[in-house]
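Asker: Structure in structure tokens, see below.
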Amino acid sequence: MSKALNPQRRVVGNRAVVNRDWIREFTGASVGTAARWYKVRDEQPQEHRHPEKERIDGSDFYDERQFRDFYSWFQQEKADKVLKAAPELHQADPEDVVSINTAAAWLGFSGPSAIRKYLRDNPDYFPKPLAEPVQGPTGRMIPAFRVGDLQDFDSKRTGDKLGKAGRRPGPQSSAAVGRPSALEEALAGALRAHAGDEPLTATQLAGQYAAEAIDRNGYHPGLAAELSTRYGGPQRSWEYVVRTTLAHRPATAPTRSEADRRQAIALAALREHGDIRGLAASLAREHGGSPDVWSRAVSTARKAADSTA
């Protein structure tokens, strides 16, 4: 259970100061986001910079007026990053139905793949397509959306959940004030503990955890899932960390061919999880490569397992 907030506001001289919990309650920010705002303050415009902390009775406080100014600027920065919709979107009848291609064009996205990415990676952020698809320009049936749903989405865009698909084309502002990654939020406490040492990124710290686990118990399929459960963060992020950690470890045995390596991994997975559906696709996500290649590795491993049974 997360610790209850203890927001505090004090008056020092003729100034009001607030603590981090007050900031979190005021903005609704997570502990990682609030910490990041302060961490990257030197990268923010000086006239709108997050206030410096003041130590009062053993706790950190921040000038309230300066923070409110920072937060107003931050909100405007997010709004400015939102792509502007074409006039046709709000001129159309809300009950009309348009294809995913038209929806992407009206919302200013680079193409329909941006919407597909939102639907896949940001559940409940983008309106769901209608049950009935429509015919696309090539005759193929493609997703369709109600115009009114798209109008509501555009009106509520604030920049809170912008991914690459939702940003303006071209170089982005250098001010690092966006939301931290899910892995950064999961490891926020541990990252703060390392703040006095040489600063680490979330990926570097996760790599240390992965290396320690491999040194302790060796690599095995499912390690990424175990690390995700233990430290938090998406399993896919940990799959990348584990894959990168393995790639940078010194060789401790004669080099095997890639086919042999994949077969060994597939065999270990079969022994641990059984011949489950989708095993090849899961191994492809965790270790890289195409599902077809891993399907052959699983097939070979299956024969090897049968021969030793």
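Scheme for the structure tokens: letters A, B, ... for chains in order shown; per-chain residue numbers from 1; ligand numbers from 1 in order shown.
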DSSP on the backbone, then: every residue of stretch 31-149 of chain A marked strand (DSSP E), written as a short mmCIF file (atom, residue, chain, number, x, y, z; two decimals) with C-alpha atoms, in the first residue's frame.
Answerer:
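The resulting file, states.cif, is reproduced below:
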data_model
loop_
_atom_site.label_atom_id
_atom_site.label_comp_id
_atom_site.auth_asym_id
_atom_site.auth_seq_id
_atom_site.Cartn_x
_atom_site.Cartn_y
_atom_site.Cartn_z
CA LYS A 53 14.42 23.32 -2.13
CA GLU A 54 14.74 24.91 1.30
CA ARG A 55 15.51 22.79 4.35
CA ILE A 56 13.10 23.58 7.21
CA SER A 59 12.26 18.56 5.60
CA ASP A 60 12.41 19.98 2.08
CA PHE A 61 10.08 22.84 1.16
CA TYR A 62 9.61 24.87 -2.02
CA ASP A 63 8.45 28.41 -2.68
CA VAL A 97 -18.28 7.73 -39.48
CA VAL A 98 -14.78 8.08 -40.94
CA SER A 99 -11.97 5.66 -41.64
CA VAL A 134 -15.27 0.58 -43.56
CA GLN A 135 -13.71 0.07 -46.94
CA MET A 141 -11.72 -3.22 -44.74
CA ILE A 142 -10.10 -0.89 -42.19
CA ALA A 144 -13.69 3.23 -38.52
CA PHE A 145 -14.46 5.84 -35.88
CA ARG A 146 -17.43 7.98 -34.89
#
Asker: Taking the DSSP secondary structure from the backbone, can you list the residues of stretch 22-248 of chain A that are alpha helix (DSSP H), as a ChimeraX atom specification?
Answerer: /A:22-27,31-39,64-81,87-91,100-107,112-121,147-156,182-186,188-193,202-217,223-231,235-247
Asker: To one decimal in Å, tell me the separation between atom CA of A:Glu272 and atom CA of A:Arg296.
Answerer: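 One can read the atom CA of A:Glu272 to atom CA of A:Arg296 distance as 18.6 Å.
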Asker: Determine, counting only C-alpha atoms, which protein, DNA and RNA residues have an atom within 7 Å of an atom of A:Trp238; residues of the same chain fewer than 3 positions away are not included. Present the result as a PyMOL selection string.
Answerer: chain A and resi 224+227-228+234-235+241-242
Asker: Which residues, written as a tab-separated table (two decimals) with N, CA and C atoms, in the first residue's frame, have at least one atom at most 9 Å from A:Ser290, with only C-alpha atoms counted and residues fewer than 5 positions away on the same chain left out?
Answerer:
chain	number	residue	atom	x	y	z
A	280	ALA	N	7.13	-19.44	-29.22
A	280	ALA	CA	8.08	-18.85	-30.17
A	280	ALA	C	7.96	-17.33	-30.19
A	281	ALA	N	6.74	-16.82	-30.18
A	281	ALA	CA	6.54	-15.37	-30.20
A	281	ALA	C	7.07	-14.74	-28.92
A	284	ALA	N	10.81	-14.59	-29.10
A	284	ALA	CA	11.23	-13.56	-30.05
A	284	ALA	C	11.20	-12.18	-29.39
A	285	ARG	N	10.15	-11.93	-28.58
A	285	ARG	CA	10.07	-10.64	-27.89
A	285	ARG	C	11.20	-10.49	-26.86
A	295	SER	N	10.36	-20.19	-34.06
A	295	SER	CA	9.49	-21.34	-34.25
A	295	SER	C	10.30	-22.56	-34.67
Asker: Can you tell me how far atom CA of A:Gly111 sits from atom CA of A:Phe74, in Å to one decimal?
Answerer: 27.8 Å
Asker: Compile the contact shell of A:Ala259 as a VMD selection string: residues with an atom at most 12 Å away, counting only C-alpha atoms, same-chain residues fewer than 4 positions apart removed.
Answerer: chain A and resid 255 263 to 266 289 293 to 301
Asker: Could you save those same residues with C-alpha atoms as a PDB file, in the first residue's frame?
Answerer:
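Okay, result_17.pdb is ready:
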ATOM      1  CA  THR A 255      30.983 -19.559 -29.012  1.00  0.00           C
ATOM      2  CA  GLN A 263      17.761 -24.092 -29.513  1.00  0.00           C
ATOM      3  CA  ALA A 264      19.280 -24.141 -26.011  1.00  0.00           C
ATOM      4  CA  ILE A 265      17.065 -21.261 -24.912  1.00  0.00           C
ATOM      5  CA  ALA A 266      13.988 -22.876 -26.447  1.00  0.00           C
ATOM      6  CA  GLY A 289      14.686 -12.068 -33.885  1.00  0.00           C
ATOM      7  CA  VAL A 293      13.226 -18.241 -36.581  1.00  0.00           C
ATOM      8  CA  TRP A 294      12.228 -19.007 -33.013  1.00  0.00           C
ATOM      9  CA  SER A 295       9.490 -21.342 -34.251  1.00  0.00           C
ATOM     10  CA  ARG A 296      12.185 -23.449 -35.931  1.00  0.00           C
ATOM     11  CA  ALA A 297      14.260 -23.348 -32.730  1.00  0.00           C
ATOM     12  CA  VAL A 298      11.273 -24.510 -30.666  1.00  0.00           C
ATOM     13  CA  SER A 299      10.574 -27.294 -33.169  1.00  0.00           C
ATOM     14  CA  THR A 300      14.192 -28.497 -32.979  1.00  0.00           C
ATOM     15  CA  ALA A 301      14.192 -28.243 -29.191  1.00  0.00           C
TER      16      ALA A 301
END
Asker: My list of candidates is A:Lys128, A:Arg20, A:Lys39, A:His220. Which is closest to A:His273 when distances are computed with only C-alpha atoms?
Answerer: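 Nearest candidate to A:His273 out of A:Lys128, A:Arg20, A:Lys39, A:His220: A:His220.
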